[in-house]
Each structure stands twice: as structure tokens, then as C-alpha cells.
2 protein chains.
Amino acid sequence: MSRTSGEFELIARYFAGAARNDAVELGIGDDCALIDAGPGRQWAVTTDMLVEGVHFLSEVAPEALGHKALAVNLSDLAACGAQPRCYFLAIALPSVDETWLSDFTRGMLALGDHFGCSLAGGDTTRSREGVTISITALGEVPRGRALLRSGARAGDDLWVSGHLGDGALGLALLRDGVVLPPAERSAVIERLERPVPRVALGIALRGVARSAIDVSDGLAGDLGHILERSGVGARVEWREVPMSSALRRMPPDLQRRCVLAGGDDYELLFTADPAMRDGVLDAGRAAELAVTRIGNIVAEGGLTLIEEDGRRVDIEPRAFDHFRP
Amino acid sequence: MSRTSGEFELIARYFAGAARNDAVELGIGDDCALIDAGPGRQWAVTTDMLVEGVHFLSEVAPEALGHKALAVNLSDLAACGAQPRCYFLAIALPSVDETWLSDFTRGMLALGDHFGCSLAGGDTTRSREGVTISITALGEVPRGRALLRSGARAGDDLWVSGHLGDGALGLALLRDGVVLPPAERSAVIERLERPVPRVALGIALRGVARSAIDVSDGLAGDLGHILERSGVGARVEWREVPMSSALRRMPPDLQRRCVLAGGDDYELLFTADPAMRDGVLDAGRAAELAVTRIGNIVAEGGLTLIEEDGRRVDIEPRAFDHFRP
């Protein structure tokens, strides 16, 4: 359910009239909604839609597409600290290609099995053109312990898992003819096409992090969502932002674009009280994932990038917008 | 999540490998899946996808489309006897047309409000062509009391709510130039474009009906799902099948097509022990909806239509298949 600013504004404007009832314990605006699941427990629920030619290239291997279609939802659950349990698939196909469908399903089911998350239902139908996939995933979280975008406070450390920008670099390799040695090229494209949702880290960060989101639209936009929902600002030390060695060797402009406005990283971006640094490092170790402190949360709104030479640059906390020209 | 035979076979074949965990108390194959919602309660969950040019005409009023996109999901919840509580919308649009979006949302939210069912989250994105809508809806049901397709037994009465065939007749009016007087034309198109999910009837039938489904793909196909899942057959008395006066005046062939293979009726088709006839009639009165006994369930498989002259015709219990040529 991660989404970009323009889309977010769109939704905010038109869906603001939606009445709420007591089954919905957290509604529109976070990575997941929270639904009553009985005493001591909530269901975190997220929905994402992927459209051929918009979110994925037609040439992508169907097995990788099946993996990714579920992965983007599990990444939203991870950002809430939820344990994935089940999902629902709606898919529109222009025709029945049995090999394609078998490969797609294999990729999707394998990722679900890996995380103990079952396909529980769905809808298969015909499209006029191209493939459209919508998955709704449910994850369990102890009541009141979900990580939200709205929990950041001035003084929090800002952390990110893994490294950023390879998803967008992968797209640049496939689409814009950027060149890399074969081994690095494969690794980067793997990051784009088969992202691994940070489920174990999200769960380990319950009670440790104060706010979290998954990086699906680039650091600037997704951090922007935390800042907006929490009513705070942030400073990011550019030299601390973790990048792969492949991206490190790219021109600075491309690095910026891939990290700040890229997307498809599916790492977790989160804030925590500085008193919790050991707890964050423990969570990273438990999840076998690097966690890097890249800046901090400040009271004054806005997003400031601190360059390697110490210069401060205000950047717009906005993501790629599918609808912006 | 109602679906046609071809699609069903498709799903059965490729998704059979899906592992199940204990959060999923009923998986693929019914109108809804059932998910653990704490002691004494389950969530019924359903997903439907609507594609422009396949499930709705491009000319449809956006307010009616918003209504219908949610109605088809609430109808699945009704077929399970679930009380709708919340839903998630994923929508792909070729561009942002604010008037369109405002009208669409108004239709959707109004129907949700009417049934106390809240929009809890979603995803808005761009399509390359046409509108695709996927809604996942959740309804509450007391544990173990959901109405399923699989509960029919030989000897059960077969019942249907309201009348059948007007949805398909509406499509014939819009698309094939069938002519009706203006008042009847409006009423029939209203049935196609703004179906009313039979939520109160579904709830009133808990503990009264043995099996249920909503009629979204025509009587033959949807009854076929009950027969297949319950391992039984059925006899339908054609003269008992309720039709509107408008459809009654149509040629017999068109009547058959609209009722048996039409779809878009969103009435409930259900079976009940003959000892429960008073209970069924009470449920109909409570829901302010006609209920009509149209036949019965038999041990031997297959679907037999008993003509007005007493002739018996075996018909294929199959629905319209989006993928069949």
C-alpha cells in the first residue's frame, strides 16, 4: 500500500469522506490498515496493484513477476512489523498461457511458502490488454505494536536496512543501456526483479523502532511520508547512505536519482530513540541484515541532505508520481 | 470471488499447490475465504476484479461503476451470511479525471456507508489503457456459521431470492438493441448497473440454509458450483423460476439465455432442508425480499431442467467463461 505523493493526495482528497467503523482500527494512510483480529491481536492488511508496462516490463520472467507481486505486499507487512499469514490474488490476463501462468504461480507460491503466507483466495479474469495483478495480504501483529509512519519524534535516529538504489539501477540497466560487468549486472537486476521483503527485521523492530516504512518509491518520497504523518523533519547524511559497490561506481547524478527518487528497493526505513541503538543493531543481527544510521529526525519540517563536503541542501520529500507529467 | 468454470479450473490447477496455515480456516473455492478473527468469530474475505471492456462498458456512469465494484464483493459476503465491515480498493486509471474519480468514489462510499462497510485502504495507480478495479472486502461471521457452497444435501429445497435474468437483459438492451418501454428499460438497466447485494437475507439465512452462492454468472453456472462442491445434482422447475414482467415478455430463447447463462443478478441461490421452509420464508420477510422455491437437490449429479410441459432437459452446469472462445 506504499504509494506516491500525487497518488496519496488523490486518495486523501477523494476518500476522506469514508466513514470508519470499529472493526477498522487504523485506516487509510499507512503501509497497512489494522483490522480487529480478536483479543491481543490485529490483522495488518495491505493492497498493491501492478500494471504491465507501468510497474513491470513485459519482458520480465513470469516466475520473477509472481515473486515480486507478492514481495511488494509482504514488504508493506514487514514495514508494520507484521507476520505474513495469507493473501488474495486478483489477476487479469489477456489470454491463458499455461506456461506463463504456471511460472508466475510458482514464483508467487514459493515466496509465500518461504514466509508461511498462504494463498487463500482470488479472482482470475480476462483483460483486453496486458497483465494487471492486485494482491491483498494479511499479516498478524500483537495489538498496538504495529510500526507506523506516524511515530517518529524529533531526536530519533534515522536508519535504513541493506543498501539503497539498486532497484532503480537495475531498471537503468534494462531500459537506459547503463553498462556493468556481468556478475554485478545480474546481482543488481536480481534486486529489481526479486526483492526480498524484510519480514524478520520488521518483526524484530517491534518495540525498538518508533516509526517505519518500506522504501518502494525512493528515499526522498518514502521518508517524506514518515515526516508528513509524524509532523517532523529530517536530516540525512549523504555519505552514510548505504549503496552497493556497483552503484558507488556510477556517476553522482545517477546515484542520487537511484537512491532518492528510484524505488523498488524494499528496504526498511525507520526511526528509533538514540537510546535504542543497541536494540536496532540486535534486530539487524537477528534478521541477518545490515542496518545503517543515515541521519536524524528534527522538529522543524522538511528534508535536508547534508553533502559530503558539509553543504546542506533542502530537497523535496516527494516520490515518483505515476500521474505527474 | 464468484467465478466461472473455466477460470475455476484454471485456478484449481495452478493454485492447488498453495500450502495452507491455521490462520486460513477456509481457502480457495467458495464465495469467500474464512480467516481467524478471534474467539467465536471469523472474517469472510472476498476479492473481485473488474476490467473496462470486459466487466463493464466504457460508457457506464462512474457513480454506478463505483456502486457496482463494491456491490459485487458485498454480494459474495452476503452469500456467506457475513456482515460487511471494511474493504480495500486497488484501482488503475489511464489518467486523473477529477470529476470521474469524484463520482466513482461517491457511488462506492455511499453503498459502503449503507451497509456499515468502511474503506480501510488501497492503492491508486496508472494504467496504460482503461480502468481496472480490484476490491477486497471483509465481513464478520460467527465462527462456523458461514454459508458455504459445499453444504447442499440430496432432498434439500432449492431457493432463489428476487428474480433472475434482468442483469443480462439490461446488457442486451444496451448492447444488442433489444427494445423495452422506457420505464421498464430504466428498471432493468438499474438492475444491471446498480445491483443491491442481499446482505440482510444472507445474515437471516445463517442456520436456516445449508448452502448458498450469489448468482453472478447465471443460474446454471452458479448452481453448478454448489453441485460440484457438494457432490450432488439438482432439478429446476423452469415455470417456478422468478422473472420480471419485462423478461417474461421476451422470446423464450432470450429468457433462457438471460436466466441460465446471463449473470449480474446478484441474487442469492441457496438450499435448505424442506423442514426449514417457514424459516426461509421468515428470512425473506425479515430481508423484505421475495424468496422462491425453484427445485430440489438430488443425489445423482447433473442439472436437469423440468420444462413447463414436463419434459426433462439435462443442461450443462456451466457459466460464461471469460477465456472460452
# chains A, B, ... in the order shown; residues from 1 in each chain; ligands from 1
>>> closest_atom_pairs(of="region 89-154 of chain B", to="region 30-46 of chain A", cutoff="12 Å", atoms="only C-alpha atoms", output="Markdown table")
| residue | atom | partner | partner_atom | distance |
| --- | --- | --- | --- | --- |
| B:Leu89 | CA | A:Thr46 | CA | 10.0 |
| B:Ala90 | CA | A:Thr46 | CA | 10.1 |
| B:Ser118 | CA | A:Ile35 | CA | 11.1 |
| B:Leu119 | CA | A:Ala33 | CA | 10.0 |
| B:Ala120 | CA | A:Ala33 | CA | 6.2 |
| B:Gly121 | CA | A:Ala33 | CA | 6.2 |
| B:Gly122 | CA | A:Thr46 | CA | 7.2 |
| B:Asp123 | CA | A:Thr46 | CA | 8.8 |
| B:Ile135 | CA | A:Thr46 | CA | 11.8 |
| B:Thr136 | CA | A:Thr46 | CA | 10.2 |
| B:Ala137 | CA | A:Val45 | CA | 11.1 |
| B:Leu138 | CA | A:Ile35 | CA | 9.7 |
| B:Gly139 | CA | A:Ile35 | CA | 11.3 |
| B:Glu140 | CA | A:Asp36 | CA | 10.4 |
>>> write_last_selection(atoms="N, CA and C atoms", output="PDB file, in the first residue's frame")
ATOM      1  N   LEU B  89      -9.511  -0.962  -1.793  1.00  0.00           N
ATOM      2  CA  LEU B  89      -9.681  -0.670  -3.218  1.00  0.00           C
ATOM      3  C   LEU B  89      -8.329  -0.546  -3.896  1.00  0.00           C
ATOM      4  N   ALA B  90      -8.089  -1.313  -4.952  1.00  0.00           N
ATOM      5  CA  ALA B  90      -6.954  -1.057  -5.841  1.00  0.00           C
ATOM      6  C   ALA B  90      -7.538  -0.649  -7.184  1.00  0.00           C
ATOM      7  N   SER B 118     -16.589   0.059   5.744  1.00  0.00           N
ATOM      8  CA  SER B 118     -15.672   1.197   5.584  1.00  0.00           C
ATOM      9  C   SER B 118     -14.553   0.919   4.592  1.00  0.00           C
ATOM     10  N   LEU B 119     -14.213   1.917   3.811  1.00  0.00           N
ATOM     11  CA  LEU B 119     -12.982   1.873   3.008  1.00  0.00           C
ATOM     12  C   LEU B 119     -11.809   1.994   3.981  1.00  0.00           C
ATOM     13  N   ALA B 120     -10.945   0.970   4.023  1.00  0.00           N
ATOM     14  CA  ALA B 120      -9.877   0.946   5.029  1.00  0.00           C
ATOM     15  C   ALA B 120      -8.499   1.152   4.420  1.00  0.00           C
ATOM     16  N   GLY B 121      -8.384   1.114   3.094  1.00  0.00           N
ATOM     17  CA  GLY B 121      -7.072   1.305   2.478  1.00  0.00           C
ATOM     18  C   GLY B 121      -7.141   1.004   0.999  1.00  0.00           C
ATOM     19  N   GLY B 122      -5.989   1.119   0.339  1.00  0.00           N
ATOM     20  CA  GLY B 122      -5.997   0.826  -1.083  1.00  0.00           C
ATOM     21  C   GLY B 122      -4.749   1.251  -1.798  1.00  0.00           C
ATOM     22  N   ASP B 123      -4.826   1.223  -3.103  1.00  0.00           N
ATOM     23  CA  ASP B 123      -3.705   1.581  -3.955  1.00  0.00           C
ATOM     24  C   ASP B 123      -4.282   2.202  -5.222  1.00  0.00           C
ATOM     25  N   ILE B 135     -11.385  -4.919  -5.698  1.00  0.00           N
ATOM     26  CA  ILE B 135     -11.784  -4.666  -4.312  1.00  0.00           C
ATOM     27  C   ILE B 135     -11.698  -5.971  -3.523  1.00  0.00           C
ATOM     28  N   THR B 136     -11.142  -5.873  -2.335  1.00  0.00           N
ATOM     29  CA  THR B 136     -11.134  -6.984  -1.383  1.00  0.00           C
ATOM     30  C   THR B 136     -11.981  -6.539  -0.196  1.00  0.00           C
ATOM     31  N   ALA B 137     -13.020  -7.318   0.114  1.00  0.00           N
ATOM     32  CA  ALA B 137     -13.936  -6.926   1.192  1.00  0.00           C
ATOM     33  C   ALA B 137     -13.907  -7.956   2.309  1.00  0.00           C
ATOM     34  N   LEU B 138     -14.056  -7.468   3.534  1.00  0.00           N
ATOM     35  CA  LEU B 138     -14.071  -8.328   4.722  1.00  0.00           C
ATOM     36  C   LEU B 138     -15.410  -8.196   5.430  1.00  0.00           C
ATOM     37  N   GLY B 139     -15.976  -9.332   5.790  1.00  0.00           N
ATOM     38  CA  GLY B 139     -17.222  -9.351   6.550  1.00  0.00           C
ATOM     39  C   GLY B 139     -17.091 -10.278   7.748  1.00  0.00           C
ATOM     40  N   GLU B 140     -17.830  -9.953   8.809  1.00  0.00           N
ATOM     41  CA  GLU B 140     -17.784 -10.745  10.037  1.00  0.00           C
ATOM     42  C   GLU B 140     -18.834 -11.834  10.015  1.00  0.00           C
TER      43      GLU B 140
END
>>> interface_residues(of="chain B", to="chain A", cutoff="7 Å", atoms="only C-alpha atoms", output="PyMOL selection string")
chain B and resi 1+3+7+14+18-21+23-24+27-28+33+37-39+47-49+51+54+85+88+90+95+102+105+109+113+118-127+134+322-323
>>> write_last_selection(atoms="C-alpha atoms", output="short mmCIF file (atom, residue, chain, number, x, y, z; two decimals), in the first residue's frame")
data_model
loop_
_atom_site.label_atom_id
_atom_site.label_comp_id
_atom_site.auth_asym_id
_atom_site.auth_seq_id
_atom_site.Cartn_x
_atom_site.Cartn_y
_atom_site.Cartn_z
CA MET B 1 -14.79 -14.19 -5.69
CA ARG B 3 -16.01 -17.13 -10.76
CA GLU B 7 -11.50 -19.72 -14.56
CA TYR B 14 -2.32 -23.80 -10.78
CA ALA B 18 -0.74 -23.49 -2.27
CA ALA B 19 0.16 -24.51 1.27
CA ARG B 20 -2.36 -23.63 3.99
CA ASN B 21 -1.73 -22.44 7.51
CA ALA B 23 -4.94 -18.64 10.01
CA VAL B 24 -6.81 -19.70 6.86
CA GLY B 27 -9.29 -21.42 1.48
CA ILE B 28 -9.83 -21.25 -2.27
CA ALA B 33 -12.28 -17.46 2.35
CA ALA B 37 -10.81 -13.32 13.78
CA GLY B 38 -10.52 -14.39 17.40
CA PRO B 39 -12.83 -16.46 19.60
CA THR B 47 -11.72 -10.36 -3.95
CA ASP B 48 -13.15 -9.36 -7.32
CA MET B 49 -11.53 -7.63 -10.26
CA VAL B 51 -11.89 -4.69 -16.17
CA VAL B 54 -14.75 -6.96 -20.11
CA ARG B 85 -17.24 -4.38 7.74
CA PHE B 88 -9.69 -2.27 0.23
CA ALA B 90 -6.95 -1.06 -5.84
CA SER B 95 -5.27 9.46 -16.27
CA SER B 102 -15.25 12.03 -7.51
CA THR B 105 -15.90 7.40 -5.14
CA LEU B 109 -18.68 5.15 -0.47
CA ASP B 113 -21.98 3.55 4.22
CA SER B 118 -15.67 1.20 5.58
CA LEU B 119 -12.98 1.87 3.01
CA ALA B 120 -9.88 0.95 5.03
CA GLY B 121 -7.07 1.31 2.48
CA GLY B 122 -6.00 0.83 -1.08
CA ASP B 123 -3.71 1.58 -3.96
CA THR B 124 -4.23 4.06 -6.78
CA THR B 125 -2.06 3.77 -9.85
CA ARG B 126 -1.80 4.45 -13.54
CA SER B 127 -2.88 2.06 -16.28
CA SER B 134 -9.99 -4.71 -7.65
CA HIS B 322 -14.16 -15.19 -19.91
CA PHE B 323 -11.48 -17.30 -21.54
#
>>> select_by_dssp(residues="region 73-311 of chain B", states="strand (DSSP E)", output="NGL selection string")
:B and (83-93 or 118-126 or 132-142 or 157-161 or 211-215 or 233-237 or 267-272 or 291-298 or 302-306)
>>> atom_distance(atom1="CA of Ser75 (chain B)", atom2="CA of Pro195 (chain B)")
9.0 Å
